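Colleague: One file is attached below, query-v3.cif, containing mmCIF, C-alpha atoms, pLDDT in the B column; chains and numbers go by the auth columns.
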data_final
loop_
_atom_site.group_PDB
_atom_site.id
_atom_site.type_symbol
_atom_site.label_atom_id
_atom_site.label_comp_id
_atom_site.label_asym_id
_atom_site.label_seq_id
_atom_site.Cartn_x
_atom_site.Cartn_y
_atom_site.Cartn_z
_atom_site.B_iso_or_equiv
_atom_site.auth_seq_id
_atom_site.auth_asym_id
ATOM 1 C CA MET A 1 94.523 28.091 96.554 60.00 23 A
ATOM 2 C CA GLU A 2 91.840 26.987 98.956 69.00 24 A
ATOM 3 C CA PHE A 3 91.983 26.000 102.593 65.00 25 A
ATOM 4 C CA ALA A 4 89.028 24.526 104.470 71.00 26 A
ATOM 5 C CA GLY A 5 86.856 25.227 101.434 75.00 27 A
ATOM 6 C CA LEU A 6 87.501 28.986 101.471 73.00 28 A
ATOM 7 C CA SER A 7 89.403 31.002 98.878 80.00 29 A
ATOM 8 C CA ASP A 8 92.268 33.344 99.712 77.00 30 A
ATOM 9 C CA GLU A 9 89.999 36.361 99.287 83.00 31 A
ATOM 10 C CA MET A 10 87.512 34.920 101.770 83.00 32 A
ATOM 11 C CA TRP A 11 90.292 34.314 104.317 79.00 33 A
ATOM 12 C CA VAL A 12 91.355 37.949 103.953 83.00 34 A
ATOM 13 C CA SER A 13 87.766 38.983 104.682 87.00 35 A
ATOM 14 C CA VAL A 14 87.652 36.697 107.719 85.00 36 A
ATOM 15 C CA LYS A 15 90.960 38.109 108.969 85.00 37 A
ATOM 16 C CA ILE A 16 89.774 41.709 108.611 86.00 38 A
ATOM 17 C CA THR A 17 86.487 40.882 110.351 92.00 39 A
ATOM 18 C CA VAL A 18 88.296 39.252 113.280 91.00 40 A
ATOM 19 C CA HIS A 19 90.695 42.215 113.576 84.00 41 A
ATOM 20 C CA LEU A 20 87.832 44.693 113.578 88.00 42 A
ATOM 21 C CA ALA A 21 85.920 42.683 116.183 91.00 43 A
ATOM 22 C CA GLN A 22 89.023 42.493 118.390 86.00 44 A
ATOM 23 C CA THR A 23 89.617 46.220 117.988 85.00 45 A
ATOM 24 C CA GLY A 24 86.007 47.033 118.836 89.00 46 A
ATOM 25 C CA LEU A 25 86.051 44.787 121.888 91.00 47 A
ATOM 26 C CA GLY A 26 89.317 46.330 123.074 87.00 48 A
ATOM 27 C CA LEU A 27 87.926 49.815 122.584 88.00 49 A
ATOM 28 C CA PHE A 28 84.797 48.881 124.551 93.00 50 A
ATOM 29 C CA ILE A 29 86.860 47.465 127.445 90.00 51 A
ATOM 30 C CA ALA A 30 89.132 50.530 127.426 87.00 52 A
ATOM 31 C CA THR A 31 86.033 52.747 127.549 90.00 53 A
ATOM 32 C CA LEU A 32 84.780 50.848 130.595 91.00 54 A
ATOM 33 C CA ALA A 33 88.161 51.320 132.279 88.00 55 A
ATOM 34 C CA LEU A 34 88.054 55.031 131.439 89.00 56 A
ATOM 35 C CA VAL A 35 84.577 55.295 132.991 92.00 57 A
ATOM 36 C CA GLY A 36 86.025 53.585 136.076 88.00 58 A
ATOM 37 C CA TYR A 37 88.813 56.148 136.140 89.00 59 A
ATOM 38 C CA ARG A 38 86.329 59.027 135.943 92.00 60 A
ATOM 39 C CA ARG A 39 84.440 57.580 138.923 93.00 61 A
ATOM 40 C CA GLN A 40 87.402 56.732 141.148 88.00 62 A
ATOM 41 C CA ARG A 41 90.125 59.094 139.863 87.00 63 A
ATOM 42 C CA THR A 42 92.840 56.484 140.400 87.00 64 A
ATOM 43 C CA ARG A 43 96.007 56.268 138.341 87.00 65 A
ATOM 44 C CA SER A 44 95.689 52.508 138.084 87.00 66 A
ATOM 45 C CA MET A 45 92.371 52.716 136.216 88.00 67 A
ATOM 46 C CA LEU A 46 93.755 55.335 133.849 90.00 68 A
ATOM 47 C CA ALA A 47 96.862 53.241 133.199 92.00 69 A
ATOM 48 C CA LEU A 48 94.660 50.198 132.604 90.00 70 A
ATOM 49 C CA ALA A 49 92.540 52.102 130.075 91.00 71 A
ATOM 50 C CA VAL A 50 95.644 53.375 128.273 93.00 72 A
ATOM 51 C CA GLY A 51 97.251 49.912 128.273 94.00 73 A
ATOM 52 C CA ILE A 52 94.207 48.166 126.855 92.00 74 A
ATOM 53 C CA SER A 53 93.838 50.876 124.218 91.00 75 A
ATOM 54 C CA LEU A 54 97.466 50.485 123.189 93.00 76 A
ATOM 55 C CA LEU A 55 97.210 46.695 123.022 91.00 77 A
ATOM 56 C CA THR A 56 94.130 46.603 120.845 87.00 78 A
ATOM 57 C CA PHE A 57 92.865 49.760 119.206 85.00 79 A
ATOM 58 C CA VAL A 58 96.072 51.783 118.818 91.00 80 A
ATOM 59 C CA SER A 59 98.189 48.776 117.865 89.00 81 A
ATOM 60 C CA TYR A 60 95.850 47.988 114.976 86.00 82 A
ATOM 61 C CA LEU A 61 95.920 51.603 113.776 88.00 83 A
ATOM 62 C CA VAL A 62 99.724 51.660 113.994 91.00 84 A
ATOM 63 C CA THR A 63 99.876 48.466 111.937 88.00 85 A
ATOM 64 C CA LEU A 64 97.600 49.951 109.267 86.00 86 A
ATOM 65 C CA ALA A 65 99.724 53.117 109.119 89.00 87 A
ATOM 66 C CA ALA A 66 103.013 51.204 109.132 89.00 88 A
ATOM 67 C CA VAL A 67 102.009 49.200 106.061 88.00 89 A
ATOM 68 C CA ARG A 68 102.239 52.395 104.015 89.00 90 A
ATOM 69 C CA VAL A 69 105.458 53.779 105.543 89.00 91 A
ATOM 70 C CA VAL A 70 107.670 50.995 106.901 88.00 92 A
ATOM 71 C CA PRO A 71 109.501 48.473 104.712 89.00 93 A
ATOM 72 C CA PRO A 72 108.007 44.948 104.863 86.00 94 A
ATOM 73 C CA VAL A 73 111.001 43.585 106.786 89.00 95 A
ATOM 74 C CA ALA A 74 110.452 46.039 109.653 89.00 96 A
ATOM 75 C CA LEU A 75 106.645 45.938 109.567 85.00 97 A
ATOM 76 C CA PRO A 76 106.133 44.173 112.942 89.00 98 A
ATOM 77 C CA ILE A 77 108.361 46.620 114.856 92.00 99 A
ATOM 78 C CA PRO A 78 105.947 49.591 115.283 92.00 100 A
ATOM 79 C CA SER A 79 103.016 47.465 116.441 91.00 101 A
ATOM 80 C CA THR A 80 105.257 45.391 118.720 93.00 102 A
ATOM 81 C CA LEU A 81 106.569 48.563 120.355 95.00 103 A
ATOM 82 C CA THR A 82 103.013 49.842 120.812 95.00 104 A
ATOM 83 C CA GLU A 83 101.927 46.551 122.382 94.00 105 A
ATOM 84 C CA SER A 84 104.989 46.557 124.666 96.00 106 A
ATOM 85 C CA VAL A 85 104.153 50.043 125.941 97.00 107 A
ATOM 86 C CA GLY A 86 100.569 48.856 126.486 96.00 108 A
ATOM 87 C CA LEU A 87 101.765 45.867 128.505 96.00 109 A
ATOM 88 C CA LEU A 88 104.031 48.104 130.583 96.00 110 A
ATOM 89 C CA SER A 89 101.071 50.401 131.223 95.00 111 A
ATOM 90 C CA ILE A 90 98.966 47.464 132.400 94.00 112 A
ATOM 91 C CA LEU A 91 101.846 46.265 134.577 93.00 113 A
ATOM 92 C CA TYR A 92 101.986 49.727 136.120 93.00 114 A
ATOM 93 C CA ALA A 93 98.223 49.607 136.696 91.00 115 A
ATOM 94 C CA ILE A 94 98.397 46.257 138.440 90.00 116 A
ATOM 95 C CA VAL A 95 101.609 46.545 140.439 90.00 117 A
ATOM 96 C CA LEU A 96 103.021 50.017 140.821 79.00 118 A
ATOM 97 C CA ALA A 97 100.007 52.339 140.905 70.00 119 A
ATOM 98 C CA ARG A 98 98.607 50.623 143.991 69.00 120 A
ATOM 99 C CA ARG A 99 101.693 51.499 146.021 70.00 121 A
ATOM 100 C CA GLY A 100 101.454 55.252 145.539 58.00 122 A
#
Give the structure from the file, written as structure tokens.
Modeller:
Amino acid sequence: MEFAGLSDEMWVSVKITVHLAQTGLGLFIATLALVGYRRQRTRSMLALAVGISLLTFVSYLVTLAAVRVVPPVALPIPSTLTESVGLLSILYAIVLARRG
């Protein structure tokens, strides 16, 4: 089956390429936040670096690992939990860490 002139195999390649680019970009941004933490030693920068890492890099790794362990019905649960913890970490960085 083709869509937009590309075969299913090509779409899988495009999907993997986009995921890897997103993961690399997230890892780069998290590294910049970690460098900011090392300069300023603030909890908010550390929480931001952890949150971005969880949303992008770690979430993708959890998804890859879950494919081998988790049944297909429950496959989104591990990555969704990882992303939720990442969002909570970013929320902490933006709102709560500035108070203390």
Colleague: Enumerate, as a PyMOL selection string, the protein, DNA and RNA residues whose atoms approach (93.4, 46.4, 129.8) to within 7 Å, taking into account all atoms listed in the file and the coordinate frame of the file.
Modeller: chain A and resi 52+70-71+73-74+112
Colleague: Interatomic distance between atom CA of A:Leu49 and atom CA of A:Leu76?
Modeller: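 Value for the atom CA of A:Leu49-atom CA of A:Leu76 distance: 9.6 Å.
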Colleague: I'd like to see the residues matched by the PyMOL selection byres ((chain A and resi 104) around 10) on this file, and ideally I'd get them as a PyMOL selection string.
Modeller: chain A and resi 73+75-78+80-82+84-85+99-103+105-110
Colleague: What is the atom CA of A:Leu113 to atom CA of A:Thr64 distance in Å?
Modeller: 14.8 Å
Colleague: Closest to A:Ile51 among A:Met67, A:Ser29, A:Ala88, A:Val117, using all atoms listed in the file?
Modeller: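 Nearest to A:Ile51: A:Met67.
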Colleague: Can stretch 85-96 of chain A be brought up to all heavy atoms and written out as an mmCIF file, in the frame of the given file?
Modeller:
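Written file, out18.cif:
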data_model
loop_
_atom_site.group_PDB
_atom_site.id
_atom_site.type_symbol
_atom_site.label_atom_id
_atom_site.label_comp_id
_atom_site.auth_asym_id
_atom_site.auth_seq_id
_atom_site.Cartn_x
_atom_site.Cartn_y
_atom_site.Cartn_z
ATOM 1 N N THR A 85 99.584 49.464 112.968
ATOM 2 C CA THR A 85 99.876 48.466 111.937
ATOM 3 C C THR A 85 99.368 48.929 110.577
ATOM 4 O O THR A 85 100.076 48.813 109.571
ATOM 5 C CB THR A 85 99.242 47.112 112.301
ATOM 6 O OG1 THR A 85 99.773 46.683 113.551
ATOM 7 C CG2 THR A 85 99.523 46.065 111.245
ATOM 8 N N LEU A 86 98.153 49.460 110.536
ATOM 9 C CA LEU A 86 97.600 49.951 109.267
ATOM 10 C C LEU A 86 98.434 51.104 108.706
ATOM 11 O O LEU A 86 98.667 51.180 107.496
ATOM 12 C CB LEU A 86 96.153 50.397 109.458
ATOM 13 C CG LEU A 86 95.135 49.294 109.699
ATOM 14 C CD1 LEU A 86 93.761 49.899 109.944
ATOM 15 C CD2 LEU A 86 95.085 48.332 108.536
ATOM 16 N N ALA A 87 98.900 51.995 109.576
ATOM 17 C CA ALA A 87 99.724 53.117 109.119
ATOM 18 C C ALA A 87 101.112 52.650 108.701
ATOM 19 O O ALA A 87 101.681 53.154 107.731
ATOM 20 C CB ALA A 87 99.830 54.164 110.220
ATOM 21 N N ALA A 88 101.658 51.680 109.414
ATOM 22 C CA ALA A 88 103.013 51.204 109.132
ATOM 23 C C ALA A 88 103.095 50.501 107.785
ATOM 24 O O ALA A 88 104.146 50.523 107.136
ATOM 25 C CB ALA A 88 103.485 50.277 110.241
ATOM 26 N N VAL A 89 102.010 49.900 107.343
ATOM 27 C CA VAL A 89 102.009 49.200 106.061
ATOM 28 C C VAL A 89 102.372 50.164 104.928
ATOM 29 O O VAL A 89 103.041 49.786 103.974
ATOM 30 C CB VAL A 89 100.627 48.552 105.803
ATOM 31 C CG1 VAL A 89 100.482 48.093 104.373
ATOM 32 C CG2 VAL A 89 100.424 47.400 106.747
ATOM 33 N N ARG A 90 101.974 51.412 105.062
ATOM 34 C CA ARG A 90 102.239 52.395 104.015
ATOM 35 C C ARG A 90 103.612 53.043 104.130
ATOM 36 O O ARG A 90 104.109 53.588 103.169
ATOM 37 C CB ARG A 90 101.181 53.493 104.049
ATOM 38 C CG ARG A 90 99.809 52.970 103.759
ATOM 39 C CD ARG A 90 98.793 54.085 103.855
ATOM 40 N NE ARG A 90 97.490 53.581 103.472
ATOM 41 C CZ ARG A 90 96.897 53.874 102.324
ATOM 42 N NH1 ARG A 90 97.490 54.666 101.467
ATOM 43 N NH2 ARG A 90 95.721 53.376 102.049
ATOM 44 N N VAL A 91 104.233 53.017 105.310
ATOM 45 C CA VAL A 91 105.458 53.779 105.543
ATOM 46 C C VAL A 91 106.687 52.895 105.745
ATOM 47 O O VAL A 91 107.759 53.191 105.237
ATOM 48 C CB VAL A 91 105.268 54.693 106.784
ATOM 49 C CG1 VAL A 91 106.525 55.483 107.075
ATOM 50 C CG2 VAL A 91 104.087 55.623 106.580
ATOM 51 N N VAL A 92 106.543 51.822 106.483
ATOM 52 C CA VAL A 92 107.670 50.995 106.901
ATOM 53 C C VAL A 92 107.937 49.902 105.871
ATOM 54 O O VAL A 92 106.996 49.323 105.320
ATOM 55 C CB VAL A 92 107.356 50.370 108.293
ATOM 56 C CG1 VAL A 92 108.469 49.473 108.765
ATOM 57 C CG2 VAL A 92 107.081 51.462 109.306
ATOM 58 N N PRO A 93 109.204 49.589 105.620
ATOM 59 C CA PRO A 93 109.501 48.473 104.712
ATOM 60 C C PRO A 93 108.967 47.153 105.274
ATOM 61 O O PRO A 93 108.880 46.983 106.497
ATOM 62 C CB PRO A 93 111.022 48.440 104.642
ATOM 63 C CG PRO A 93 111.527 49.560 105.451
ATOM 64 C CD PRO A 93 110.396 50.244 106.116
ATOM 65 N N PRO A 94 108.604 46.209 104.404
ATOM 66 C CA PRO A 94 108.007 44.948 104.863
ATOM 67 C C PRO A 94 108.836 44.200 105.907
ATOM 68 O O PRO A 94 108.277 43.548 106.782
ATOM 69 C CB PRO A 94 107.876 44.126 103.582
ATOM 70 C CG PRO A 94 107.814 45.126 102.493
ATOM 71 C CD PRO A 94 108.648 46.291 102.939
ATOM 72 N N VAL A 95 110.150 44.296 105.829
ATOM 73 C CA VAL A 95 111.001 43.585 106.786
ATOM 74 C C VAL A 95 110.799 44.114 108.206
ATOM 75 O O VAL A 95 110.796 43.361 109.177
ATOM 76 C CB VAL A 95 112.490 43.722 106.381
ATOM 77 C CG1 VAL A 95 113.404 43.144 107.435
ATOM 78 C CG2 VAL A 95 112.724 43.073 105.041
ATOM 79 N N ALA A 96 110.589 45.421 108.332
ATOM 80 C CA ALA A 96 110.452 46.039 109.653
ATOM 81 C C ALA A 96 108.996 46.254 110.058
ATOM 82 O O ALA A 96 108.725 46.908 111.061
ATOM 83 C CB ALA A 96 111.186 47.380 109.664
#
